[in-house]
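Visitor: Sharing a structure with you now.
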Amino acid sequence: MVGAWVVLAIVGARGARELRVEANLEALLPDDTPSLVALDAMRERVEVRAPFFVLVESGDPALNRELAAQVRDGIAAWPETRWVTDRRDPSVFVEHRLLYLPTGTLEELADDVEARVRWESCALVPGCVNFTDPVELPTEADLRAAFAAEPGNAELLQLFGDEATLGEPSPDDAPPGQLCSPDGRVCMVTASLEGDPGRVSHAERILERGERLLRAVTPADAPADLRMEVGGRYRNVPLVKRLTEVDLSATGILSTVLVLLLVLVQFRGVRSVVALALPLGGAIVVTLGALGWAGIALNLISAFTLAVLAGIGIDFGLHLLTHYGEQRAEGADPEAALASAMGALGRSLLVAGATTAAAFLALAAARFAGFAQMGWVASLGVVVALVAYLTFFPALLLVLHQLWPEKRALFRRSPLERMPQPSRRMARWVALGGVALIAAAVPFALRLDFEYRFHRLQPAGVANGILRGDAERGPTGTAVYLLADDPADLDDLHAVRASRLGGQAPVVITPRTLVPQDQGAKLAALARIRAAIERVDGRLDEDARARLAPLRPALVTEPLTADSLPPWAADHVGSGGHALGVAYVPVRGSDAHQMEALAGELERWRAAHPAVVFASPEAVLGEVVPALRSDAPRVVLLALLGLGLAVALIGRSVRRLLLVLAPVAAAVVVGLGLAVLLDLRLNLYNTLVLPVAFGVGVDGAIYVVWALGGDGPIDERWRRFTTSARAIVGSTATTLAAFGSILVAKNPGLASIGSLALITIGFTLLANVVWLPAVMLGWARAPASRSVVGAQAADGDAGDHVVHRVAEGGA
């Protein structure tokens, strides 16, 4: 048997190497979520490429521009690069700016130019008299004002950050459109690369290449304040994955160490630690291997389930080893002690493991994929741990005894077993004090809120800390991509333009924004202007030529098409027969509250414009929080109903059911009230603590109720309770250690799991070993005649706290 588990562990270890963690939020949602459906539709028809950008910051503007140019040239050599730039060159748009004016305006201008040319021609002919004043031609400022007055042109100007970039030189002689802040302290290089940064392996490869490039261009005499960083999803996705893997490793190791230290303290020897640790490690490795061989990608929540299993899974072994140790202390040989332990606890552990696995499996009914995957992964881990302790553990104990014979008792007597029984009066005061604490906690618990500021849940190392600010020179906010088969469907986006999310209208860039309409009539008007000027060209005086000078550079002869746009602008137009647009909504992509509002706005846009696909990777966060909020009560209720039904079926008593559930509800209420006082909010990570707290709490309450409410005199029942209390404290302590290990995670969201778990599960322990016994002793009643051993064998929770010594010479 030991050899078989060694082989399983080796196979599992090889499979575990293939296990992947999906670090993006999309993995937390079901496939039919509107945001995911829109993104999938977008990816099927066009490739939406998240920008890759690099930021350079220092107090030397000239150095910043020089380094940005070197980074630009380096990225241009990458095989994945479609285009890269360190400036948004406005020259194409400046050259064709007259085409962005209305056709009627251009025709009126042509009429005015022809009239002025006629006036100037008359002035050049002796004897010719002009009876009217010359027509005033527009100045450069007039043309700019006319250009900016057009609604579509105002959105075009947003691509450059401000109106002045169209034609006016920069004050510091930098090239027009340079992606630098006005003071030159921050410069930016942006690129479009082949591939999807959502694929972690691709994003990791690009990030590593970008970091190598930055190291290569960093000058030896670089100023102390020089900073260069990669930004965007190409940075965020790999770093979240990298930090998540570090957190997984750290929390897994710490969880195991803390649990084993508790075992070492409880059982006084390394031998017991080895006997409990090997089956636990084997179960975790086999579970990881099964997931890896199946090609399962864990999400951010389910990835940390395995650390929790270290505290939950070992409980099966704790009870078997406790019973085994007691039998050995009474003189039984190893085979007989194991036979007794397996005979007394085997059925209980099977039923308990099944109910615990079922409680976790209830989470799989959630639509929120974070809960759903966590549920079946935890359920699988519990089953594998149970099998390991029922098969590997007994065989391992016998092998260890042959190699390393036992020479002393496995554990010392617990102080809990010597705890004096309180008087009924004291018990009532303790019970009433608990009721008062619960009543005081209710108003605070009702104020518990969700954490909407998602950036507070991100690891500190993800953000590069360099603010793009004015260096980006373009519209800011969350990008919503607009896709249509017919470009005309993007012309009338009344619902989008009427939106005031974030306090102002979104900036909408469509093909009509970039490519002027009715260019044939406009080019004809420009041809009239050009022909009129050519008739008098060379004969005008300097003053007359100055009046016509602003028009000359913009008298183009060819239309402006998508193919003649700069690459960074052409990406806004679309390709492959599809029309693409972008709406920049002035909301923060890391604010879950604003993203939830954006997700609702997208639904209204889809209803108003059914021919248009609206997709935004950032809006996925707006789907996560509502899904979490709607599923959290359902999941908690399912877990609670499942456990309650098991208790009701086994106990066949409403009183017992209420006694089991009361301390759990009380502990959660007090725990959540304390969480509010500590400014700890629910988020998409720590909500999973609630169903686990119910399971752990019901687990302990069952054995308290069965011990104090069983047969026999009160003194005998108290002795049974003190024995149970030892198991309850030891088992809950291992769960707390497993959850507490998550506090070392660099991801604040994941660390919040540990904080909330320590509070809620810690209060379940106090409720089970202090408040519930006080309630039962303060208002004791004669128990129904029933076999405690039979009740023990049928217990329906995790099997963590089986009453090992029902009475002297009991089971």
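Chain labels A, B, ... are given in the sequence in which chains occur in the structure tokens; within each chain residues are numbered consecutively from 1, and ligands are likewise numbered from 1 in the order shown.
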May I have all residues of segment 500-653 of chain A that DSSP, computed from the backbone, assigns to helix (DSSP H, G or I), given as a PyMOL selection string?
Guide: chain A and resi 501-503+511-514+519-536+542-554+562-564+567-570+592-608+620-651
Visitor: Ranking A:Ser731, A:Thr513, A:Gln373, A:Ser201 by minimum distance to Val263 of chain A and counting only C-alpha atoms, which one comes first?
Guide: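 Of A:Ser731, A:Thr513, A:Gln373, A:Ser201, the one nearest Val263 of chain A, counting only C-alpha atoms, is A:Ser731.
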Visitor: List as a list in words the protein and nucleic acid residues near Phe368 of chain A, meaning an atom at most 7 Å away when only C-alpha atoms are counted, but skip any in the same chain fewer than 6 places from it.
Guide: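 Contacts, with the query itself left out: Leu28, Leu29, Pro30, Ala627, Leu628 and Asp631 of chain A.
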Visitor: To one decimal in Å, tell me the separation between atom CA of Val430 of chain A and atom CA of Thr735 of chain A.
Guide: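 Answer for the atom CA of Val430 of chain A to atom CA of Thr735 of chain A separation: 26.0 Å.
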Visitor: Quick one: everything within 9 Å of Met228 of chain A, counting only C-alpha atoms, minus sequence neighbours fewer than 2 positions away in the same chain. Send it as a list of chain:residue names.
Guide: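 Surrounding residues, per the criterion: A:Val54, A:Leu55, A:Val56, A:Glu57, A:Ser58, A:Glu211, A:Leu214, A:Arg215, A:Thr218, A:Leu226, A:Val230, A:Ile466.
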Visitor: Pick from A:Val664, A:Tyr703, A:Ala303, A:Val384: nearest to Thr760 of chain A, with only C-alpha atoms counted?
Guide: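 Ranked by minimum distance to Thr760 of chain A, first place goes to A:Val664.
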Visitor: Set the distance at 10 Å and use only C-alpha atoms: which residues neighbour Pro102 of chain A once local chain neighbours fewer than 3 positions away are removed? I'd like the list as a PyMOL selection string.
Guide: chain A and resi 98-99+105-107+146-147+150+516-519+521-522
Visitor: Name the residues of segment 57-143 of chain A that fall into strand (DSSP E) according to DSSP on the backbone, using the chain letters and numbers of this document, as a list in words.
Guide: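 Filtering segment 57-143 of chain A down to strand (DSSP E) leaves Glu57, Thr81, Arg82, Trp83, Val84 and Thr85 of chain A.
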Visitor: Got a sec: who's within 10 Å of Ala341 of chain A, counting only C-alpha atoms, leaving out chain neighbours fewer than 4 positions off, as a list in words?
Guide: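 Once the nearby chain positions are removed, what remains is His319, Leu320, Leu321, Thr322, His323, Tyr324, Gly325, Glu326, Gln327, Glu335, Ala336, Ala337, Leu345, Gly346, Pro394, His804 and Ala811 of chain A.
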Visitor: Compile the contact shell of Pro487 of chain A as a compact mmCIF listing (two decimals) with all heavy atoms, in the first residue's frame: residues with an atom at most 8 Å away, counting only C-alpha atoms, same-chain residues fewer than 4 positions apart removed.
Guide:
```txt
# COMPACT_ATOMS: atom_id res chain seq x y z
N ASP A 491 -22.39 54.98 -37.42
CA ASP A 491 -22.61 56.41 -37.62
C ASP A 491 -23.54 57.00 -36.58
O ASP A 491 -23.30 58.08 -36.04
CB ASP A 491 -23.17 56.67 -39.03
CG ASP A 491 -22.13 56.39 -40.10
OD1 ASP A 491 -20.93 56.31 -39.76
OD2 ASP A 491 -22.52 56.23 -41.28
N PRO A 511 -14.78 54.98 -37.86
CA PRO A 511 -14.20 55.26 -39.20
C PRO A 511 -14.57 56.63 -39.74
O PRO A 511 -13.75 57.28 -40.39
CB PRO A 511 -14.78 54.12 -40.05
CG PRO A 511 -14.98 53.00 -39.09
CD PRO A 511 -15.39 53.64 -37.81
N HIS A 578 -14.61 44.48 -41.59
CA HIS A 578 -15.36 44.87 -40.41
C HIS A 578 -15.03 46.31 -40.04
O HIS A 578 -13.88 46.75 -40.17
CB HIS A 578 -15.03 43.96 -39.22
CG HIS A 578 -15.32 42.51 -39.48
ND1 HIS A 578 -16.59 42.01 -39.58
CD2 HIS A 578 -14.48 41.45 -39.66
CE1 HIS A 578 -16.54 40.71 -39.81
NE2 HIS A 578 -15.26 40.35 -39.87
N ALA A 579 -16.02 47.02 -39.57
CA ALA A 579 -15.83 48.40 -39.11
C ALA A 579 -15.61 48.38 -37.60
O ALA A 579 -16.37 47.77 -36.86
CB ALA A 579 -17.05 49.25 -39.46
N LEU A 580 -14.57 49.03 -37.19
CA LEU A 580 -14.21 49.03 -35.78
C LEU A 580 -14.20 50.46 -35.25
O LEU A 580 -13.78 51.38 -35.95
CB LEU A 580 -12.82 48.40 -35.60
CG LEU A 580 -12.28 48.27 -34.18
CD1 LEU A 580 -13.13 47.31 -33.38
CD2 LEU A 580 -10.83 47.79 -34.21
```
